[in-house]
Amino acid sequence: MHRWRSGAATLAVRLAAAGRAGARVARRVPTPWPYVIGLFLGAKLLLTLLGLLVLHAWDGVPGAPPPDEALMWAQQREISGHRWISFWFAWDGLLYLRLSELPLTGPWRDFGFPLLYPFLARPVGALLGGDNALALLLISNVAFLLALWYGYRLAEVLLGDAPAARRFTRYLVLLPTAFLFQAALTESLFVCLALAAFYHAERRQWLLVGVLGYFLAMSRSVGLLVALPLALVLLRQHDWRLGPRALLGYLRIGWPLLLLPAGWFTFMAFCRWRGGDWFAYQHAQHTGWGIEVQNPVPVLLNGLAGEPRDAARVLFAVAVLAVLVAGFRRREVAYLVYGVLMVLVPLSMGPAVYRSLLRYLLAAFPVALVLARWARHAGVDVWLTATLAVVQGVLFVLWLTYWTHMII
């Protein structure tokens, strides 16, 4: 008995020493990394466990997966035998994987997507032994982690204190389709670059903003338009002064914003080089998905009056617009404009975008800024957190059970 007590005491001392050592290491990690990493790992663990449980239950359902999703199910199995990897690939994710593996020699016919994300997977995949699927997931998750860090820092600037910054970062993770940040899609990369660009714009580091904006415009077509809200940040920093002298000053300071259209022009140049057509991207979208630029307002109204699934998607867009407008503050006009663009630009592509609308709305991160401000009262924070978690959980289950056309 004495020997057992002595051993237990020794173990307790060692555990206490390890705990103190861990605390010292945690104190050395600069803020907000401990919070951001904890949030990232928590989301990763919860979604992975939920995904595996749901898929295990789904295996016993007769007729699963639905016949129109059977091909995608087979393609996921080919990517990996580990379901916690394969279920992050659906539709566009499979296309990005194909783009990352196409040989760069010979004819090129796939112009439907900007190429930053799949082309990043080429060198990363080479470092991973040629596993481009794992490379795509690694890029998405690293971008997600960096997006949380930039989101925290930006929220500190805009909301003014650390508790509000933590709330914003948490709500960013809890947005209805935020599980897509971990998927083989462009959402995490795009939002990371957008948050980084706004953060460095607030710090008046305009050359860095331009570099980030260049890649932002190469990640998704709407990235080009982010030049407008970034320019509004510049105007606000100089008290909205106008006139010839002021405009020359804006050009001297904000010229790096011209790198955003340069980023999109780079993709157009690739289209011209490999396809002989500067507008091969536009033509591919029209031919493949029936996308045609049009007035977004009739598209929104027609969606509300359409079939229930389309109406539900469009209601999400209306809710995002309502939150943005209700939470508007004059100092944050740039973020209001950015958020509205992230809603109206997808709608301007016509009804063909309805299936992917919930995915595209994820780029409207200023919604989380408004929610973080509204949730300063602890009771509101709890209820809002719980509601968003339930909504995301339901949509995640739809994703897992191959009702992906409700999401992307």
# chains A, B, ... in the order shown; residues from 1 in each chain; ligands from 1
call {"tool": "residues_around", "arguments": {"residues": "A:Ala155", "least_positions_apart": "2", "cutoff": "8 Å", "atoms": "only C-alpha atoms", "output": "MDAnalysis selection string"}}
result
chainID A and resid 151:153 157:160 164:165 168 369
call {"tool": "residues_around", "arguments": {"residues": "A:Val394", "least_positions_apart": "5", "cutoff": "12 Å", "atoms": "only C-alpha atoms", "output": "mmCIF file with N, CA and C atoms, in the first residue's frame"}}
result
data_model
loop_
_atom_site.group_PDB
_atom_site.id
_atom_site.type_symbol
_atom_site.label_atom_id
_atom_site.label_comp_id
_atom_site.auth_asym_id
_atom_site.auth_seq_id
_atom_site.Cartn_x
_atom_site.Cartn_y
_atom_site.Cartn_z
ATOM 1 N N LEU A 47 -16.815 18.242 -36.371
ATOM 2 C CA LEU A 47 -17.356 17.934 -37.686
ATOM 3 C C LEU A 47 -16.897 16.560 -38.174
ATOM 4 N N LEU A 50 -19.013 14.004 -36.176
ATOM 5 C CA LEU A 50 -20.393 14.027 -36.668
ATOM 6 C C LEU A 50 -20.480 13.410 -38.055
ATOM 7 N N GLY A 51 -19.514 13.747 -38.906
ATOM 8 C CA GLY A 51 -19.525 13.194 -40.254
ATOM 9 C C GLY A 51 -19.433 11.681 -40.273
ATOM 10 N N VAL A 54 -22.764 10.131 -38.924
ATOM 11 C CA VAL A 54 -23.876 10.241 -39.872
ATOM 12 C C VAL A 54 -23.690 9.298 -41.045
ATOM 13 N N PRO A 176 -23.796 29.418 -41.302
ATOM 14 C CA PRO A 176 -24.545 28.213 -41.684
ATOM 15 C C PRO A 176 -23.782 27.189 -42.512
ATOM 16 N N THR A 177 -22.965 27.612 -43.455
ATOM 17 C CA THR A 177 -22.220 26.635 -44.262
ATOM 18 C C THR A 177 -20.720 26.715 -44.008
ATOM 19 N N PHE A 179 -18.832 24.845 -42.496
ATOM 20 C CA PHE A 179 -18.116 23.574 -42.611
ATOM 21 C C PHE A 179 -17.397 23.474 -43.963
ATOM 22 N N THR A 387 -28.257 28.533 -31.924
ATOM 23 C CA THR A 387 -29.064 28.528 -33.148
ATOM 24 C C THR A 387 -28.200 28.295 -34.377
ATOM 25 N N LEU A 388 -27.083 29.016 -34.456
ATOM 26 C CA LEU A 388 -26.201 28.852 -35.603
ATOM 27 C C LEU A 388 -25.605 27.444 -35.655
ATOM 28 N N ALA A 389 -25.279 26.882 -34.485
ATOM 29 C CA ALA A 389 -24.722 25.528 -34.450
ATOM 30 C C ALA A 389 -25.725 24.507 -34.981
ATOM 31 N N TRP A 399 -25.241 17.816 -46.544
ATOM 32 C CA TRP A 399 -24.020 17.634 -47.342
ATOM 33 C C TRP A 399 -23.569 16.175 -47.300
ATOM 34 N N LEU A 400 -23.524 15.609 -46.098
ATOM 35 C CA LEU A 400 -23.010 14.256 -45.923
ATOM 36 C C LEU A 400 -23.893 13.209 -46.579
ATOM 37 N N THR A 401 -25.185 13.453 -46.589
ATOM 38 C CA THR A 401 -26.114 12.460 -47.123
ATOM 39 C C THR A 401 -26.403 12.697 -48.596
ATOM 40 N N TRP A 403 -27.206 15.252 -50.364
ATOM 41 C CA TRP A 403 -28.101 16.291 -50.856
ATOM 42 C C TRP A 403 -27.262 17.541 -51.118
ATOM 43 N N MET A 406 -28.281 21.039 -52.405
ATOM 44 C CA MET A 406 -28.850 22.057 -51.516
ATOM 45 C C MET A 406 -27.770 23.017 -51.053
ATOM 46 N N ILE A 407 -26.529 22.588 -51.126
ATOM 47 C CA ILE A 407 -25.413 23.369 -50.578
ATOM 48 C C ILE A 407 -24.543 23.938 -51.694
#
call {"tool": "atom_distance", "arguments": {"atom1": "atom CA of A:Pro34", "atom2": "atom CA of A:Leu145"}}
result
11.5 Å
call {"tool": "closest_residue", "arguments": {"among": "A:Ala364, A:Phe113, A:Trp91, A:Leu52", "to": "A:Phe270", "atoms": "only C-alpha atoms"}}
result
A:Phe113
call {"tool": "closest_atom_pairs", "arguments": {"of": "stretch 219-305 of chain A", "to": "stretch 200-213 of chain A", "cutoff": "9 Å", "atoms": "only C-alpha atoms", "output": "CSV"}}
result
residue,atom,partner,partner_atom,distance
A:Gly223,CA,A:Gly213,CA,7.5
A:Leu224,CA,A:Gly213,CA,7.9
A:Val226,CA,A:Gly213,CA,7.9
A:Ala227,CA,A:Gly213,CA,7.7
A:Leu230,CA,A:Ala201,CA,7.0
A:Val233,CA,A:Ala201,CA,7.0
A:Leu234,CA,A:Ala201,CA,7.5
A:Gln237,CA,A:Glu202,CA,8.3
A:Ile253,CA,A:Trp206,CA,7.1
A:Gly254,CA,A:Trp206,CA,6.2
A:Trp255,CA,A:Trp206,CA,8.1
A:Pro256,CA,A:Gly210,CA,4.4
A:Leu257,CA,A:Gly210,CA,5.0
A:Leu258,CA,A:Gly210,CA,7.2
A:Leu259,CA,A:Gly210,CA,5.3
A:Leu260,CA,A:Gly213,CA,5.0
A:Pro261,CA,A:Gly213,CA,8.7
A:Gly263,CA,A:Gly213,CA,7.6
call {"tool": "closest_residue", "arguments": {"among": "A:Leu116, A:Met268, A:Val370, A:Leu341", "to": "A:Leu193", "atoms": "only C-alpha atoms"}}
result
A:Leu116
call {"tool": "closest_atom_pairs", "arguments": {"of": "stretch 58-140 of chain A", "to": "stretch 218-222 of chain A", "cutoff": "7 Å", "atoms": "only C-alpha atoms", "output": "CSV"}}
result
residue,atom,partner,partner_atom,distance
A:Pro114,CA,A:Ser219,CA,5.7
A:Leu115,CA,A:Ser219,CA,6.7
A:Leu116,CA,A:Ser219,CA,5.2
A:Tyr117,CA,A:Ser219,CA,6.3
call {"tool": "closest_residue", "arguments": {"among": "A:Cys271, A:Val333, A:Met342, A:Ile291", "to": "A:Trp240", "atoms": "only C-alpha atoms"}}
result
A:Val333
call {"tool": "closest_atom_pairs", "arguments": {"of": "stretch 159-224 of chain A", "to": "stretch 76-85 of chain A", "cutoff": "12 Å", "atoms": "only C-alpha atoms", "output": "JSON lines"}}
result
{"residue": "A:Gln182", "atom": "CA", "partner": "A:Ile85", "partner_atom": "CA", "distance": 10.2}
{"residue": "A:Ala183", "atom": "CA", "partner": "A:Ile85", "partner_atom": "CA", "distance": 9.1}
{"residue": "A:Ala184", "atom": "CA", "partner": "A:Ile85", "partner_atom": "CA", "distance": 9.7}
call {"tool": "residues_around", "arguments": {"residues": "A:Arg272", "least_positions_apart": "6", "cutoff": "12 Å", "atoms": "only C-alpha atoms", "output": "NGL selection string"}}
result
:A and (108-109 or 111 or 265-266 or 278-281)
call {"tool": "select_by_dssp", "arguments": {"residues": "stretch 132-326 of chain A", "states": "helix (DSSP H, G or I)", "output": "VMD selection string"}}
result
chain A and resid 132 to 159 162 to 174 178 to 182 187 to 202 206 to 219 221 to 237 244 to 275 280 to 289 296 to 304 308 to 326
call {"tool": "write_last_selection", "arguments": {"atoms": "C-alpha atoms", "output": "compact mmCIF listing (two decimals), in the first residue's frame"}}
result
# COMPACT_ATOMS: atom_id res chain seq x y z
CA ASN A 132 -3.04 16.28 -54.77
CA ALA A 133 -6.28 15.44 -52.98
CA LEU A 134 -4.55 15.70 -49.62
CA ALA A 135 -2.84 18.88 -50.87
CA LEU A 136 -6.19 20.52 -51.63
CA LEU A 137 -7.46 19.72 -48.14
CA LEU A 138 -4.23 20.93 -46.55
CA ILE A 139 -4.45 24.26 -48.41
CA SER A 140 -8.09 24.71 -47.41
CA ASN A 141 -7.46 23.98 -43.75
CA VAL A 142 -4.33 26.11 -43.46
CA ALA A 143 -6.22 28.95 -45.14
CA PHE A 144 -9.10 28.39 -42.68
CA LEU A 145 -6.74 28.65 -39.72
CA LEU A 146 -5.15 31.82 -41.11
CA ALA A 147 -8.60 33.25 -41.83
CA LEU A 148 -9.48 32.85 -38.15
CA TRP A 149 -6.30 34.67 -37.14
CA TYR A 150 -6.89 37.52 -39.57
CA GLY A 151 -10.54 37.64 -38.58
CA TYR A 152 -9.62 38.01 -34.92
CA ARG A 153 -7.16 40.79 -35.68
CA LEU A 154 -9.55 42.63 -37.97
CA ALA A 155 -12.36 42.38 -35.43
CA GLU A 156 -10.07 43.87 -32.77
CA VAL A 157 -9.63 46.91 -35.01
CA LEU A 158 -13.30 47.27 -35.95
CA LEU A 159 -15.03 46.19 -32.73
CA ALA A 162 -10.70 41.14 -27.42
CA PRO A 163 -14.06 39.65 -26.26
CA ALA A 164 -15.76 41.02 -29.38
CA ALA A 165 -12.93 39.67 -31.54
CA ARG A 166 -13.40 36.22 -30.00
CA ARG A 167 -17.12 36.38 -30.69
CA PHE A 168 -16.54 37.37 -34.31
CA THR A 169 -14.09 34.51 -34.83
CA ARG A 170 -16.52 32.05 -33.25
CA TYR A 171 -19.41 33.27 -35.40
CA LEU A 172 -17.21 32.95 -38.46
CA VAL A 173 -16.87 29.26 -37.62
CA LEU A 174 -20.63 28.99 -36.94
CA ALA A 178 -18.90 27.30 -42.51
CA PHE A 179 -18.12 23.57 -42.61
CA LEU A 180 -17.18 24.25 -46.26
CA PHE A 181 -14.07 26.04 -44.98
CA GLN A 182 -12.68 22.55 -44.40
CA GLU A 187 -14.11 29.28 -49.71
CA SER A 188 -11.40 29.24 -47.05
CA LEU A 189 -8.71 30.53 -49.41
CA PHE A 190 -10.93 33.35 -50.68
CA VAL A 191 -12.12 34.45 -47.23
CA CYS A 192 -8.58 34.22 -45.83
CA LEU A 193 -7.24 36.49 -48.57
CA ALA A 194 -10.18 38.90 -48.20
CA LEU A 195 -9.78 39.17 -44.41
CA ALA A 196 -6.03 39.61 -44.80
CA ALA A 197 -6.50 42.34 -47.40
CA PHE A 198 -8.94 44.28 -45.20
CA TYR A 199 -6.76 43.86 -42.11
CA HIS A 200 -3.68 45.23 -43.84
CA ALA A 201 -5.79 47.97 -45.44
CA GLU A 202 -6.86 49.07 -41.95
CA TRP A 206 -1.28 49.13 -49.17
CA LEU A 207 1.47 47.33 -51.06
CA LEU A 208 0.72 44.17 -49.09
CA VAL A 209 -3.00 44.75 -49.74
CA GLY A 210 -2.26 44.85 -53.47
CA VAL A 211 -0.27 41.61 -53.40
CA LEU A 212 -3.01 39.84 -51.45
CA GLY A 213 -5.63 41.33 -53.75
CA TYR A 214 -3.80 40.03 -56.80
CA PHE A 215 -4.17 36.48 -55.54
CA LEU A 216 -7.70 37.18 -54.29
CA ALA A 217 -8.76 38.08 -57.83
CA MET A 218 -7.14 34.87 -59.10
CA SER A 219 -9.02 32.72 -56.60
CA SER A 221 -14.06 35.99 -60.20
CA VAL A 222 -15.78 38.17 -57.58
CA GLY A 223 -12.36 38.89 -56.06
CA LEU A 224 -11.78 41.57 -58.70
CA LEU A 225 -14.67 43.62 -57.28
CA VAL A 226 -13.19 43.68 -53.77
CA ALA A 227 -11.08 46.59 -55.06
CA LEU A 228 -14.16 48.80 -54.53
CA PRO A 229 -14.66 48.25 -50.76
CA LEU A 230 -10.89 48.38 -50.24
CA ALA A 231 -10.86 51.75 -51.99
CA LEU A 232 -13.61 52.88 -49.60
CA VAL A 233 -11.32 52.00 -46.67
CA LEU A 234 -8.70 54.28 -48.22
CA LEU A 235 -11.22 57.11 -48.64
CA ARG A 236 -12.41 56.77 -45.05
CA GLN A 237 -8.85 56.94 -43.75
CA PRO A 244 -7.72 66.86 -57.84
CA ARG A 245 -5.06 67.07 -55.13
CA ALA A 246 -6.82 64.44 -52.98
CA LEU A 247 -7.24 62.11 -55.95
CA LEU A 248 -3.53 62.35 -56.73
CA GLY A 249 -2.82 61.47 -53.11
CA TYR A 250 -5.12 58.46 -53.31
CA LEU A 251 -3.36 57.29 -56.45
CA ARG A 252 0.05 57.70 -54.84
CA ILE A 253 -0.97 55.69 -51.77
CA GLY A 254 -3.52 53.26 -53.17
CA TRP A 255 -2.00 52.36 -56.55
CA PRO A 256 -1.46 48.75 -55.37
CA LEU A 257 -5.24 48.28 -55.65
CA LEU A 258 -4.62 48.11 -59.39
CA LEU A 259 -3.11 44.68 -58.72
CA LEU A 260 -6.63 43.29 -58.20
CA PRO A 261 -7.70 43.78 -61.82
CA ALA A 262 -4.19 42.63 -62.78
CA GLY A 263 -4.88 39.34 -61.00
CA TRP A 264 -8.03 38.70 -63.00
CA PHE A 265 -6.28 39.85 -66.19
CA THR A 266 -3.63 37.19 -65.52
CA PHE A 267 -6.32 34.50 -65.65
CA MET A 268 -7.78 36.05 -68.82
CA ALA A 269 -4.29 35.99 -70.35
CA PHE A 270 -4.06 32.28 -69.48
CA CYS A 271 -7.40 31.75 -71.26
CA ARG A 272 -6.06 33.58 -74.31
CA TRP A 273 -2.76 31.68 -74.23
CA ARG A 274 -4.20 28.18 -73.83
CA GLY A 275 -7.62 28.64 -75.43
CA ALA A 280 -12.97 31.51 -72.43
CA TYR A 281 -13.97 31.52 -68.74
CA GLN A 282 -17.24 33.33 -69.45
CA HIS A 283 -18.05 31.09 -72.40
CA ALA A 284 -17.28 27.95 -70.40
CA GLN A 285 -19.60 29.06 -67.59
CA HIS A 286 -22.39 29.83 -70.04
CA THR A 287 -22.02 26.55 -71.91
CA GLY A 288 -21.53 24.32 -68.89
CA TRP A 289 -23.94 25.84 -66.36
CA PRO A 296 -29.82 40.25 -59.58
CA VAL A 297 -33.07 41.72 -58.21
CA PRO A 298 -35.45 39.81 -60.55
CA VAL A 299 -33.35 36.68 -59.96
CA LEU A 300 -33.86 37.10 -56.21
CA LEU A 301 -37.60 37.75 -56.54
CA ASN A 302 -38.10 34.83 -58.92
CA GLY A 303 -36.24 32.58 -56.50
CA LEU A 304 -38.51 33.57 -53.63
CA PRO A 308 -39.36 25.44 -52.09
CA ARG A 309 -35.66 24.56 -52.25
CA ASP A 310 -34.83 27.62 -54.34
CA ALA A 311 -36.97 29.82 -52.09
CA ALA A 312 -35.15 28.50 -49.01
CA ARG A 313 -31.76 29.30 -50.53
CA VAL A 314 -32.81 32.79 -51.58
CA LEU A 315 -34.26 33.42 -48.10
CA PHE A 316 -30.76 32.87 -46.75
CA ALA A 317 -29.55 35.59 -49.13
CA VAL A 318 -32.31 37.92 -47.96
CA ALA A 319 -31.38 37.21 -44.33
CA VAL A 320 -27.73 38.06 -45.03
CA LEU A 321 -28.71 41.35 -46.68
CA ALA A 322 -31.06 42.18 -43.80
CA VAL A 323 -28.37 41.59 -41.17
CA LEU A 324 -25.83 43.66 -43.12
CA VAL A 325 -28.18 46.60 -43.52
CA ALA A 326 -29.53 46.43 -39.96
call {"tool": "atom_distance", "arguments": {"atom1": "atom CA of A:Ala57", "atom2": "atom CA of A:Phe396"}}
result
14.5 Å
call {"tool": "atom_distance", "arguments": {"atom1": "atom CA of A:Arg359", "atom2": "atom CA of A:Leu175"}}
result
10.7 Å
